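Chemist: Before I ask anything, here is the structure I am working with.
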Amino acid sequence: MPANGPADTAPVITVSSLVKQFGRFAALRGVSAEFSGGKLYAVLGDNGAGKTTLLRTLAGLNQPTSGQVTILGASKFHDICRQVGYMAHPSLLYDEMSGMENLAYFARLYGIADGSRCAEVIRSVGLDPDLARPVGQYSQGMRQRMSLARALLNDPKILLLDEPFSNVDIHSATDMVRLLARTRDQGKTIFVVTHQAQLLAGAADEFIWMQAGQIVGRTHDLKPPEGTN
Amino acid sequence: MPAPTAITRATLLKDLRLEWRSKDAINSMLFFSLLVVVVFSFSFDPSAEESRQIAGGLIWVAFLFAAVVALNQTWARELRNQVLDAYRVSPAPANSLFLAKALGNFIFVSVLEALMTPLFIAFYRLRAIGPAWQLLIVAMLGTWALVVNGTFFAAMSLRTRSREIMLPLLLFPISVPAILAMVQATTAILTGETGARFWIVLLVTYDLVFTTSCLLLFETVLNAE
């Protein structure tokens with residue numbers, strides 16, 4: 001069962017009638033939902049269900065065609081971007097630089113001048129901050145963990161993670177789930193888009209089921225809602 | 001909000017570090033310019049006077065084409081692993097990124113010019129009759145004219161399918177006034193026949209207008225889907 005941390009019942013994210021079209025293709029078709037603070041949400045669905053588009057829209061990377069996203073009371077992402085951490089399917093890291101060099105650069109973008117914060121988050125994901133090897137020479141699992149460290153760098157209240165466990169071995173993935181559960185227990189809200197839902201079976205507070213650009217159900221266990229395939 | 005100048009500095013240093021390690025841009029630019037110098041010097045056999053007449057055009061055309069290589073690289077490294085998205089979700093201002101990229105390209109193209117100019121002088125037996133120090137001003141203003149627009153249009157063509165072709169298609173027509181001013185100013189200084197003042201003023205105006213326009217429009221370009 002998920003640990004009961006300082007969960008806040010007030011919605012931290014509200015999505016109303018969200019539509020996102022790419023040309024004639026509608027990736028999101030009128031998504032409406034509220035998400036409370038201090039919870040770990042697993043967003044599930046087949047390829048093309050709209051999971052990544054929803055996450056990118058929450059992260060301010062896609063502009064909605066219509067509808068509204070409100071995060072921490074703000075409708076403009078730029079106003080709350082310091083409170084959000086985003087991890088994409090690609091690493092969002094420079095292959096030619098070491099993990100520490102990458103994080104030192106991204107820390108500057110958030111006005112974090114303290115180098116010890118970079119070392120702290122690298123350690124928190126189980127990597128060595130003194131590792132001088134460029135990220136391009138990391139294994140896929142190490143790259144995913146460094147990418148998670150980058151998302152955690154600004155100590156965000158909301159974490160948006162797209163496929164954090166893909167190509168990660170089961171031990172590393174389990175470690176990452178434990179870290180996410182601990183982070184949730186500190187009161188953070190976490191969204192994890194994944195195809196490996198079973199990894200989050202004991203940790204997620206809620207499973208959000210998406211199909212054809214819509215949320216078709218929300219459950220507290222891995223049993224799909226009625227009427228979904 | 002983090003200080004924009006600190007972010008510009010951090011981004012510029014990061015780009016210089018990446019280029020120092022990969023040498024993607026500088027090697028391609030040097031090789032290309034070297035080819036232009038050698039091929040043109042074998043194709044023509046100009047006298048000293050003829051060299052002064054044509055060198056301005058040759059030099060700037062070589063630098064323009066070589067600069068396109070660096071300009072394409074600028075954003076290519078931000079597309080690998082979608083690193084640009086990490087910048088877009090951060091509170092860092094868009095213009096800091098633009099200025100850092102433009103300054104980085106200015107440094108890369110200036111290094112190229114510093115390395116290639118002695119070769120041009122040697123191959124074409126160049127000696128300026130007019131005030132040679134003005135060539136430095138023309139080089140700086142001309143290089144900025146190329147990189148400021150180039151950085152902007154390279155960002156604009158980022159999400160197009162054939163961005164290597166799109167960049168020159170967008171950049172060259174809009175650079176015509178600057179190229180004309182660079183070539184005319186260089187020729188005027190080398191031949192000493194007329195003053196370069198008018199062309200230098202034109203370059204200053206061009207730089208001011210396009211730097212301001214690019215800064216005003218870059219955020220829209222960066223966040224375009």
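Chain lettering (A, B, ...) mirrors the order of the structure tokens, residue numbering begins at 1 for each chain separately, and ligand numbering begins at 1 in order of display.
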Can you tell me which residues surround A:Val43 at a distance of at most 8 Å, considering only C-alpha atoms, apart from same-chain residues fewer than 5 positions away, and format the answer as a ChimeraX atom specification?
Modeler: /A:51,191-194,207-210
Chemist: For the residues in that selection, give me N, CA and C atoms as an mmCIF file, in the first residue's frame.
Modeler:
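Output file out.cif follows:
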```cif
data_model
loop_
_atom_site.group_PDB
_atom_site.id
_atom_site.type_symbol
_atom_site.label_atom_id
_atom_site.label_comp_id
_atom_site.auth_asym_id
_atom_site.auth_seq_id
_atom_site.Cartn_x
_atom_site.Cartn_y
_atom_site.Cartn_z
ATOM 1 N N LYS A 51 -0.817 9.948 -23.396
ATOM 2 C CA LYS A 51 -0.129 10.089 -22.097
ATOM 3 C C LYS A 51 0.983 11.143 -22.169
ATOM 4 N N PHE A 191 3.729 12.466 -11.309
ATOM 5 C CA PHE A 191 3.047 11.801 -12.427
ATOM 6 C C PHE A 191 4.067 10.927 -13.137
ATOM 7 N N VAL A 192 3.743 9.660 -13.280
ATOM 8 C CA VAL A 192 4.650 8.759 -13.992
ATOM 9 C C VAL A 192 3.892 8.146 -15.172
ATOM 10 N N VAL A 193 4.322 8.494 -16.366
ATOM 11 C CA VAL A 193 3.785 7.833 -17.556
ATOM 12 C C VAL A 193 4.611 6.578 -17.773
ATOM 13 N N THR A 194 3.965 5.445 -17.829
ATOM 14 C CA THR A 194 4.743 4.211 -17.959
ATOM 15 C C THR A 194 3.945 3.097 -18.623
ATOM 16 N N PHE A 207 -4.111 5.091 -10.338
ATOM 17 C CA PHE A 207 -3.763 4.764 -11.724
ATOM 18 C C PHE A 207 -4.731 5.502 -12.643
ATOM 19 N N ILE A 208 -4.176 6.277 -13.544
ATOM 20 C CA ILE A 208 -4.990 7.056 -14.484
ATOM 21 C C ILE A 208 -4.949 6.313 -15.815
ATOM 22 N N TRP A 209 -6.102 5.895 -16.274
ATOM 23 C CA TRP A 209 -6.163 5.095 -17.509
ATOM 24 C C TRP A 209 -6.554 5.996 -18.670
ATOM 25 N N MET A 210 -5.710 5.984 -19.704
ATOM 26 C CA MET A 210 -6.007 6.818 -20.885
ATOM 27 C C MET A 210 -6.229 5.951 -22.114
#
```
Chemist: Contacts of stretch 12-24 of chain A at 6 Å or less, counting only C-alpha atoms, minus same-chain residues fewer than 6 places along, as a CSV table (one decimal) with all heavy atoms, in the first residue's frame?
Modeler:
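Result saved to out.csv:
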```csv
chain,number,residue,atom,x,y,z
A,30,GLY,N,-10.6,16.6,-25.0
A,30,GLY,CA,-11.4,17.0,-23.9
A,30,GLY,C,-11.2,16.4,-22.6
A,30,GLY,O,-12.1,15.8,-21.9
A,31,VAL,N,-9.9,16.4,-22.2
A,31,VAL,CA,-9.5,15.8,-20.9
A,31,VAL,C,-9.9,16.8,-19.7
A,31,VAL,O,-9.5,17.9,-19.8
A,31,VAL,CB,-8.0,15.5,-20.9
A,31,VAL,CG1,-7.6,15.0,-19.5
A,31,VAL,CG2,-7.7,14.5,-21.9
A,32,SER,N,-10.6,16.3,-18.8
A,32,SER,CA,-10.9,17.1,-17.6
A,32,SER,C,-10.6,16.2,-16.3
A,32,SER,O,-11.0,15.1,-16.3
A,32,SER,CB,-12.4,17.5,-17.5
A,32,SER,OG,-12.7,18.4,-18.6
A,33,ALA,N,-9.8,16.8,-15.4
A,33,ALA,CA,-9.5,16.0,-14.2
A,33,ALA,C,-8.9,17.0,-13.2
A,33,ALA,O,-8.4,18.1,-13.5
A,33,ALA,CB,-8.5,14.9,-14.5
A,34,GLU,N,-8.9,16.5,-11.9
A,34,GLU,CA,-8.3,17.2,-10.8
A,34,GLU,C,-7.3,16.2,-10.1
A,34,GLU,O,-7.6,15.1,-10.0
A,34,GLU,CB,-9.3,17.7,-9.8
A,34,GLU,CG,-10.1,18.9,-10.3
A,34,GLU,CD,-11.0,19.5,-9.3
A,34,GLU,OE1,-11.2,18.9,-8.2
A,34,GLU,OE2,-11.5,20.6,-9.5
A,35,PHE,N,-6.2,16.8,-9.8
A,35,PHE,CA,-5.2,15.9,-9.1
A,35,PHE,C,-4.7,16.6,-7.8
A,35,PHE,O,-4.4,17.8,-7.8
A,35,PHE,CB,-4.0,15.7,-10.0
A,35,PHE,CG,-4.3,15.1,-11.4
A,35,PHE,CD1,-4.5,15.9,-12.5
A,35,PHE,CD2,-4.6,13.7,-11.5
A,35,PHE,CE1,-4.8,15.3,-13.7
A,35,PHE,CE2,-4.9,13.2,-12.7
A,35,PHE,CZ,-5.0,14.0,-13.8
A,36,SER,N,-4.8,15.8,-6.7
A,36,SER,CA,-4.4,16.3,-5.4
A,36,SER,C,-2.9,16.3,-5.2
A,36,SER,O,-2.2,15.6,-5.9
A,36,SER,CB,-5.1,15.5,-4.3
A,36,SER,OG,-6.5,15.3,-4.6
A,37,GLY,N,-2.5,17.1,-4.2
A,37,GLY,CA,-1.1,17.2,-3.9
A,37,GLY,C,-0.6,16.0,-3.1
A,37,GLY,O,-1.4,15.3,-2.5
A,64,PRO,N,-2.1,24.0,-25.3
A,64,PRO,CA,-3.4,23.4,-25.6
A,64,PRO,C,-4.1,24.1,-26.8
A,64,PRO,O,-4.0,25.3,-26.9
A,64,PRO,CB,-4.2,23.6,-24.3
A,64,PRO,CG,-3.3,24.1,-23.3
A,64,PRO,CD,-2.1,24.7,-24.0
A,65,THR,N,-4.8,23.2,-27.6
A,65,THR,CA,-5.6,23.8,-28.7
A,65,THR,C,-6.8,24.5,-28.1
A,65,THR,O,-7.2,25.6,-28.5
A,65,THR,CB,-6.0,22.7,-29.7
A,65,THR,OG1,-4.9,22.0,-30.1
A,65,THR,CG2,-6.7,23.3,-30.9
A,66,SER,N,-7.4,23.9,-27.1
A,66,SER,CA,-8.4,24.5,-26.3
A,66,SER,C,-8.4,23.9,-24.9
A,66,SER,O,-7.8,22.9,-24.7
A,66,SER,CB,-9.8,24.4,-27.0
A,66,SER,OG,-10.2,23.1,-27.0
A,67,GLY,N,-9.2,24.5,-24.0
A,67,GLY,CA,-9.2,24.0,-22.6
A,67,GLY,C,-8.1,24.7,-21.8
A,67,GLY,O,-7.4,25.6,-22.3
A,68,GLN,N,-8.1,24.3,-20.5
A,68,GLN,CA,-7.2,25.0,-19.6
A,68,GLN,C,-6.5,24.1,-18.7
A,68,GLN,O,-7.0,23.1,-18.2
A,68,GLN,CB,-8.0,26.0,-18.8
A,68,GLN,CG,-7.1,27.2,-18.3
A,68,GLN,CD,-7.9,28.2,-17.5
A,68,GLN,OE1,-9.1,28.0,-17.2
A,68,GLN,NE2,-7.3,29.3,-17.3
A,69,VAL,N,-5.2,24.5,-18.3
A,69,VAL,CA,-4.5,23.7,-17.3
A,69,VAL,C,-4.1,24.7,-16.2
A,69,VAL,O,-3.6,25.8,-16.5
A,69,VAL,CB,-3.1,23.2,-17.9
A,69,VAL,CG1,-2.3,22.5,-16.9
A,69,VAL,CG2,-3.4,22.2,-19.1
A,70,THR,N,-4.4,24.4,-15.0
A,70,THR,CA,-4.1,25.2,-13.9
A,70,THR,C,-3.2,24.4,-12.9
A,70,THR,O,-3.6,23.3,-12.5
A,70,THR,CB,-5.3,25.7,-13.1
A,70,THR,OG1,-6.2,26.3,-14.0
A,70,THR,CG2,-5.0,26.8,-12.1
A,71,ILE,N,-2.0,24.9,-12.7
A,71,ILE,CA,-1.1,24.2,-11.8
A,71,ILE,C,-0.7,25.1,-10.6
A,71,ILE,O,-0.3,26.3,-10.9
A,71,ILE,CB,0.2,23.8,-12.5
A,71,ILE,CG1,-0.1,22.9,-13.8
A,71,ILE,CG2,1.2,23.1,-11.6
A,71,ILE,CD1,1.1,22.5,-14.6
A,72,LEU,N,-0.9,24.7,-9.4
A,72,LEU,CA,-0.7,25.5,-8.2
A,72,LEU,C,-1.3,26.8,-8.3
A,72,LEU,O,-0.7,27.9,-8.0
A,72,LEU,CB,0.8,25.6,-8.0
A,72,LEU,CG,1.6,24.2,-7.7
A,72,LEU,CD1,3.1,24.5,-7.8
A,72,LEU,CD2,1.2,23.6,-6.4
```
Chemist: Rank A:Ala197, A:Met142, A:Ala88, A:Ala26 by their smallest atom-to-atom distance to A:Thr52, using only C-alpha atoms, and report the top residue only.
Modeler: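 Closest candidate: A:Ala88.
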Chemist: Please tabulate, as a tab-separated table, the residues of stretch 139-225 of chain B that come within 6 Å of stretch 35-56 of chain B, each with its closest pair of atoms and the distance in Å to one decimal, counting only C-alpha atoms and ordering rows by chain, then residue number upward.
Modeler:
```
residue	atom	partner	partner_atom	distance
B:Val183	CA	B:Gly56	CA	4.8
B:Thr186	CA	B:Gly56	CA	5.1
B:Thr187	CA	B:Gly56	CA	5.2
B:Leu190	CA	B:Arg52	CA	5.6
B:Thr191	CA	B:Arg52	CA	5.8
```
Chemist: Per residue of chain B within 9 Å of chain A, record the nearest atom pair and its distance in Å to one decimal, counting only C-alpha atoms, with rows in chain order and ascending residue number, as a tab-separated table.
Modeler:
```
residue	atom	partner	partner_atom	distance
B:Met1	CA	A:Gly111	CA	7.1
B:Pro2	CA	A:Gly111	CA	4.5
B:Ala3	CA	A:Gly111	CA	7.4
B:Ala6	CA	A:Arg108	CA	7.6
B:Ile7	CA	A:Leu109	CA	6.1
B:Ala10	CA	A:Tyr105	CA	6.6
B:Thr11	CA	A:Tyr105	CA	7.5
B:Lys14	CA	A:Tyr105	CA	7.3
B:Arg17	CA	A:Met97	CA	8.5
B:Leu18	CA	A:Glu96	CA	6.4
B:Arg21	CA	A:Glu96	CA	7.1
B:Ser22	CA	A:Glu96	CA	7.6
B:Arg77	CA	A:Tyr94	CA	7.9
B:Glu78	CA	A:Tyr94	CA	8.1
B:Arg80	CA	A:Tyr94	CA	7.8
B:Asn81	CA	A:Pro90	CA	5.0
B:Gln82	CA	A:Leu92	CA	5.3
B:Val83	CA	A:Leu92	CA	4.1
B:Leu84	CA	A:Leu92	CA	7.5
B:Asp85	CA	A:Leu92	CA	7.1
B:Ala86	CA	A:Leu92	CA	6.0
B:Tyr87	CA	A:Leu109	CA	7.5
B:Arg88	CA	A:Leu61	CA	7.2
B:Val89	CA	A:Cys81	CA	6.3
B:Ser90	CA	A:Cys81	CA	6.1
B:Pro91	CA	A:Cys81	CA	6.1
B:Ala92	CA	A:Leu109	CA	5.2
B:Pro93	CA	A:Leu109	CA	8.8
B:Asn223	CA	A:Leu61	CA	7.6
B:Ala224	CA	A:Asn62	CA	8.9
B:Glu225	CA	A:Asn62	CA	7.1
```
Chemist: Could you save those same residues with N, CA and C atoms as a compact mmCIF listing (two decimals), in the first residue's frame?
Modeler:
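The resulting file, out.txt, is shown below:
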```txt
# COMPACT_ATOMS: atom_id res chain seq x y z
N MET B 1 13.82 34.92 -10.41
CA MET B 1 14.33 34.78 -11.78
C MET B 1 15.87 34.85 -11.77
N PRO B 2 16.53 33.81 -12.29
CA PRO B 2 17.98 33.85 -12.34
C PRO B 2 18.47 34.99 -13.24
N ALA B 3 19.65 35.56 -12.92
CA ALA B 3 20.14 36.71 -13.68
C ALA B 3 20.39 36.32 -15.14
N ALA B 6 24.01 35.90 -16.17
CA ALA B 6 24.65 34.69 -15.64
C ALA B 6 24.28 33.48 -16.49
N ILE B 7 23.03 33.45 -16.96
CA ILE B 7 22.59 32.32 -17.79
C ILE B 7 23.25 32.38 -19.17
N ALA B 10 26.75 31.16 -18.60
CA ALA B 10 26.79 29.71 -18.36
C ALA B 10 26.54 28.94 -19.66
N THR B 11 25.59 29.42 -20.47
CA THR B 11 25.26 28.74 -21.72
C THR B 11 26.40 28.87 -22.74
N LYS B 14 29.18 26.62 -21.64
CA LYS B 14 28.79 25.23 -21.93
C LYS B 14 28.99 24.92 -23.42
N ARG B 17 32.65 24.65 -24.26
CA ARG B 17 33.16 23.37 -23.74
C ARG B 17 32.75 22.22 -24.67
N LEU B 18 31.49 22.22 -25.10
CA LEU B 18 31.01 21.16 -26.00
C LEU B 18 31.77 21.20 -27.32
N ARG B 21 35.31 19.89 -27.00
CA ARG B 21 35.36 18.43 -26.91
C ARG B 21 35.01 17.74 -28.22
N SER B 22 34.02 18.29 -28.94
CA SER B 22 33.58 17.59 -30.16
C SER B 22 34.27 18.14 -31.41
N ARG B 77 23.03 20.36 -31.57
CA ARG B 77 23.41 19.74 -30.29
C ARG B 77 22.33 19.91 -29.23
N GLU B 78 21.44 20.89 -29.43
CA GLU B 78 20.32 21.07 -28.49
C GLU B 78 19.18 20.10 -28.81
N ARG B 80 19.75 16.91 -29.96
CA ARG B 80 20.12 15.57 -29.49
C ARG B 80 19.62 15.41 -28.08
N ASN B 81 18.95 14.33 -27.80
CA ASN B 81 18.37 14.05 -26.47
C ASN B 81 17.34 15.10 -26.04
N GLN B 82 16.88 15.89 -27.01
CA GLN B 82 15.86 16.93 -26.75
C GLN B 82 16.23 17.87 -25.59
N VAL B 83 17.52 18.20 -25.49
CA VAL B 83 17.97 19.02 -24.36
C VAL B 83 17.29 20.39 -24.33
N LEU B 84 16.89 20.85 -25.52
CA LEU B 84 16.24 22.16 -25.58
C LEU B 84 14.99 22.20 -24.68
N ASP B 85 14.30 21.07 -24.56
CA ASP B 85 13.11 21.02 -23.70
C ASP B 85 13.45 21.31 -22.24
N ALA B 86 14.64 20.88 -21.81
CA ALA B 86 15.07 21.15 -20.43
C ALA B 86 15.22 22.66 -20.22
N TYR B 87 15.67 23.35 -21.25
CA TYR B 87 15.79 24.81 -21.16
C TYR B 87 14.39 25.43 -21.15
N ARG B 88 13.51 24.91 -22.01
CA ARG B 88 12.17 25.51 -22.13
C ARG B 88 11.35 25.37 -20.86
N VAL B 89 11.54 24.31 -20.09
CA VAL B 89 10.76 24.16 -18.85
C VAL B 89 11.39 24.91 -17.68
N SER B 90 12.57 25.46 -17.89
CA SER B 90 13.25 26.18 -16.79
C SER B 90 12.82 27.65 -16.78
N PRO B 91 13.10 28.36 -15.69
CA PRO B 91 12.72 29.79 -15.66
C PRO B 91 13.69 30.70 -16.43
N ALA B 92 14.68 30.11 -17.08
CA ALA B 92 15.69 30.92 -17.79
C ALA B 92 15.06 31.64 -18.98
N PRO B 93 15.39 32.95 -19.15
CA PRO B 93 14.78 33.69 -20.27
C PRO B 93 15.29 33.23 -21.63
N ASN B 223 9.41 28.75 -28.56
CA ASN B 223 8.27 28.01 -28.03
C ASN B 223 7.30 27.54 -29.11
N ALA B 224 7.66 27.79 -30.38
CA ALA B 224 6.79 27.34 -31.47
C ALA B 224 6.79 25.81 -31.51
N GLU B 225 5.63 25.23 -31.83
CA GLU B 225 5.54 23.75 -31.89
C GLU B 225 5.66 23.26 -33.32
```
Chemist: Mind pulling up the distance from atom CA of B:Thr74 to atom CA of B:Trp144?
Modeler: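 Atom-to-atom, atom CA of B:Trp144 to atom CA of B:Thr74, that is 15.1 Å.
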Chemist: Write out as JSON, numbers by chain each polymer residue whose atoms come within 10 Å of B:Ser157, counting only C-alpha atoms; drop sequence neighbours fewer than 2 positions from it.
Modeler: {"B": [72, 75, 152, 153, 154, 155, 159, 160, 161, 162, 163, 164, 165, 166, 167, 170, 221]}
Chemist: If we count only C-alpha atoms and set the cut-off at 10 Å, which residues sit around B:Thr143, ignoring sequence neighbours fewer than 4 positions away in its own chain? Please answer as a PyMOL selection string.
Modeler: chain B and resi 60+63-64+67+105-107+109-110+113+137-139+147-148+178-179+182+207
Chemist: Store the residues picked out above in a file with N, CA, C and O atoms, as a JSON list (two decimals), in the first residue's frame.
Modeler:
```json
[["chain", "number", "residue", "atom", "x", "y", "z"],
["B", 60, "TRP", "N", 34.41, 37.00, -48.08],
["B", 60, "TRP", "CA", 33.12, 36.99, -47.37],
["B", 60, "TRP", "C", 32.21, 35.85, -47.83],
["B", 60, "TRP", "O", 31.45, 35.31, -47.02],
["B", 63, "PHE", "N", 33.53, 32.87, -45.94],
["B", 63, "PHE", "CA", 33.14, 32.91, -44.52],
["B", 63, "PHE", "C", 31.63, 32.68, -44.35],
["B", 63, "PHE", "O", 31.20, 32.06, -43.40],
["B", 64, "LEU", "N", 30.86, 33.22, -45.29],
["B", 64, "LEU", "CA", 29.39, 33.05, -45.20],
["B", 64, "LEU", "C", 29.02, 31.57, -45.28],
["B", 64, "LEU", "O", 28.27, 31.05, -44.44],
["B", 67, "ALA", "N", 30.22, 29.74, -42.24],
["B", 67, "ALA", "CA", 29.44, 30.07, -41.05],
["B", 67, "ALA", "C", 28.16, 29.24, -40.98],
["B", 67, "ALA", "O", 27.71, 28.86, -39.89],
["B", 105, "ASN", "N", 28.60, 31.56, -31.72],
["B", 105, "ASN", "CA", 28.84, 31.51, -33.16],
["B", 105, "ASN", "C", 29.79, 32.63, -33.59],
["B", 105, "ASN", "O", 30.62, 32.43, -34.48],
["B", 106, "PHE", "N", 29.66, 33.79, -32.95],
["B", 106, "PHE", "CA", 30.56, 34.91, -33.25],
["B", 106, "PHE", "C", 32.01, 34.49, -32.96],
["B", 106, "PHE", "O", 32.92, 34.75, -33.75],
["B", 107, "ILE", "N", 32.20, 33.82, -31.83],
["B", 107, "ILE", "CA", 33.56, 33.37, -31.46],
["B", 107, "ILE", "C", 34.07, 32.33, -32.47],
["B", 107, "ILE", "O", 35.19, 32.42, -32.95],
["B", 109, "VAL", "N", 33.18, 31.78, -35.62],
["B", 109, "VAL", "CA", 33.45, 32.35, -36.95],
["B", 109, "VAL", "C", 34.65, 33.30, -36.87],
["B", 109, "VAL", "O", 35.47, 33.34, -37.80],
["B", 110, "SER", "N", 34.82, 34.02, -35.74],
["B", 110, "SER", "CA", 35.98, 34.91, -35.59],
["B", 110, "SER", "C", 37.28, 34.11, -35.57],
["B", 110, "SER", "O", 38.29, 34.52, -36.15],
["B", 113, "GLU", "N", 38.02, 33.18, -39.03],
["B", 113, "GLU", "CA", 38.54, 34.32, -39.78],
["B", 113, "GLU", "C", 39.99, 34.61, -39.42],
["B", 113, "GLU", "O", 40.81, 34.89, -40.30],
["B", 137, "ILE", "N", 37.14, 46.39, -37.98],
["B", 137, "ILE", "CA", 35.77, 46.84, -37.67],
["B", 137, "ILE", "C", 34.78, 46.17, -38.61],
["B", 137, "ILE", "O", 33.73, 45.66, -38.18],
["B", 138, "VAL", "N", 35.13, 46.15, -39.90],
["B", 138, "VAL", "CA", 34.23, 45.52, -40.89],
["B", 138, "VAL", "C", 34.06, 44.04, -40.56],
["B", 138, "VAL", "O", 32.94, 43.50, -40.61],
["B", 139, "ALA", "N", 35.16, 43.39, -40.18],
["B", 139, "ALA", "CA", 35.09, 41.95, -39.87],
["B", 139, "ALA", "C", 34.17, 41.70, -38.68],
["B", 139, "ALA", "O", 33.33, 40.79, -38.70],
["B", 147, "VAL", "N", 26.04, 36.10, -37.93],
["B", 147, "VAL", "CA", 25.69, 35.13, -36.88],
["B", 147, "VAL", "C", 24.37, 35.48, -36.19],
["B", 147, "VAL", "O", 23.66, 34.58, -35.75],
["B", 148, "VAL", "N", 24.05, 36.75, -36.07],
["B", 148, "VAL", "CA", 22.83, 37.10, -35.35],
["B", 148, "VAL", "C", 21.60, 36.61, -36.14],
["B", 148, "VAL", "O", 20.68, 35.99, -35.58],
["B", 178, "ALA", "N", 23.81, 43.19, -45.82],
["B", 178, "ALA", "CA", 25.02, 43.08, -45.00],
["B", 178, "ALA", "C", 26.19, 42.58, -45.83],
["B", 178, "ALA", "O", 27.31, 43.11, -45.73],
["B", 179, "ILE", "N", 25.94, 41.59, -46.69],
["B", 179, "ILE", "CA", 27.03, 41.05, -47.52],
["B", 179, "ILE", "C", 27.55, 42.13, -48.47],
["B", 179, "ILE", "O", 28.76, 42.31, -48.64],
["B", 182, "MET", "N", 29.66, 44.47, -46.46],
["B", 182, "MET", "CA", 30.94, 43.85, -46.08],
["B", 182, "MET", "C", 31.90, 43.83, -47.27],
["B", 182, "MET", "O", 33.06, 44.20, -47.15],
["B", 207, "ASP", "N", 23.12, 45.74, -38.10],
["B", 207, "ASP", "CA", 23.32, 44.95, -36.87],
["B", 207, "ASP", "C", 22.32, 45.36, -35.79],
["B", 207, "ASP", "O", 21.73, 44.51, -35.12]]
```
Chemist: Can you pull out every residue from chain B that DSSP, working from the backbone, puts in helix (DSSP H, G or I), and format the result as number ranges by chain?
Modeler: B: 4-22, 24-43, 48-88, 94-124, 133-156, 163-191, 197-223
Chemist: For the atom pair atom CA of A:Val125 and atom CA of A:Asp205, what is the interatomic distance in Å to one decimal place?
Modeler: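 Atom CA of A:Val125 sits 21.6 Å away from atom CA of A:Asp205.
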Chemist: Excluding B:Phe198 and residues on its chain fewer than 3 positions from it, collect all residues at most 12 Å away from it, counting only C-alpha atoms, and give them as an MDAnalysis selection string.
Modeler: chainID B and resid 138 180:182 184:186 188 194:195 201:205
Chemist: Please report, as JSON, numbers by chain, each residue of chain A to which DSSP assigns strand (DSSP E or B) when run on this structure's backbone.
Modeler: {"A": [8, 9, 10, 11, 12, 13, 14, 15, 16, 17, 18, 19, 20, 21, 22, 25, 26, 27, 28, 29, 30, 31, 32, 33, 34, 35, 36, 37, 40, 41, 42, 43, 44, 66, 67, 68, 69, 70, 71, 74, 84, 85, 86, 87, 98, 134, 158, 159, 160, 161, 162, 189, 190, 191, 192, 193, 206, 207, 208, 209, 210, 211, 214, 215, 216, 217, 218, 219]}
Chemist: Which polymer residues have any atom within 12 Å of an atom of B:Asn27, counting only C-alpha atoms, with same-chain residues fewer than 3 positions away left out, as a list in words?
Modeler: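 Surrounding residues, per the criterion: Glu19, Trp20, Arg21, Ser22, Lys23, Asp24, Leu30, Phe31, Phe32, Ser33, Leu34, Ala66, Ala67, Val69, Ala70, Gln73, Phe108, Val109, Val111, Leu112 and Leu115 of chain B.
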Chemist: Neighbours of B:Ser175 within 8 Å (only C-alpha atoms; same-chain residues fewer than 3 positions away dropped), as an MDAnalysis selection string?
Modeler: chainID B and resid 145:146 149 171:172 178:179
Chemist: Based on the selection just made, write all heavy atoms of those residues as a short mmCIF file (atom, residue, chain, number, x, y, z; two decimals), in the first residue's frame.
Modeler:
```cif
data_model
loop_
_atom_site.label_atom_id
_atom_site.label_comp_id
_atom_site.auth_asym_id
_atom_site.auth_seq_id
_atom_site.Cartn_x
_atom_site.Cartn_y
_atom_site.Cartn_z
N ALA B 145 26.67 40.44 -38.09
CA ALA B 145 25.50 40.45 -38.99
C ALA B 145 25.15 39.04 -39.44
O ALA B 145 23.98 38.65 -39.47
CB ALA B 145 25.78 41.35 -40.19
N LEU B 146 26.19 38.27 -39.77
CA LEU B 146 25.94 36.89 -40.24
C LEU B 146 25.41 36.00 -39.11
O LEU B 146 24.45 35.26 -39.29
CB LEU B 146 27.24 36.26 -40.78
CG LEU B 146 27.83 36.82 -42.06
CD1 LEU B 146 29.06 36.01 -42.46
CD2 LEU B 146 26.80 36.80 -43.18
N ASN B 149 21.61 36.87 -37.46
CA ASN B 149 20.51 36.37 -38.27
C ASN B 149 20.58 34.86 -38.42
O ASN B 149 19.56 34.17 -38.41
CB ASN B 149 20.54 37.01 -39.66
CG ASN B 149 19.84 38.35 -39.66
OD1 ASN B 149 18.95 38.58 -38.84
ND2 ASN B 149 20.25 39.23 -40.55
N LEU B 171 18.47 32.54 -44.75
CA LEU B 171 19.52 33.48 -44.31
C LEU B 171 20.08 34.33 -45.45
O LEU B 171 20.26 35.55 -45.27
CB LEU B 171 20.64 32.67 -43.64
CG LEU B 171 21.86 33.46 -43.16
CD1 LEU B 171 21.46 34.46 -42.08
CD2 LEU B 171 22.94 32.52 -42.63
N PHE B 172 20.37 33.70 -46.58
CA PHE B 172 21.10 34.45 -47.62
C PHE B 172 20.32 35.66 -48.15
O PHE B 172 20.89 36.74 -48.25
CB PHE B 172 21.51 33.51 -48.76
CG PHE B 172 22.59 32.52 -48.37
CD1 PHE B 172 23.02 31.54 -49.24
CD2 PHE B 172 23.18 32.55 -47.10
CE1 PHE B 172 24.00 30.63 -48.88
CE2 PHE B 172 24.14 31.64 -46.72
CZ PHE B 172 24.56 30.67 -47.62
N ALA B 178 23.81 43.19 -45.82
CA ALA B 178 25.02 43.08 -45.00
C ALA B 178 26.19 42.58 -45.83
O ALA B 178 27.31 43.11 -45.73
CB ALA B 178 24.78 42.13 -43.82
N ILE B 179 25.94 41.59 -46.69
CA ILE B 179 27.03 41.05 -47.52
C ILE B 179 27.55 42.13 -48.47
O ILE B 179 28.76 42.31 -48.64
CB ILE B 179 26.55 39.80 -48.30
CG1 ILE B 179 26.24 38.66 -47.32
CG2 ILE B 179 27.61 39.34 -49.30
CD1 ILE B 179 25.46 37.52 -47.93
#
```
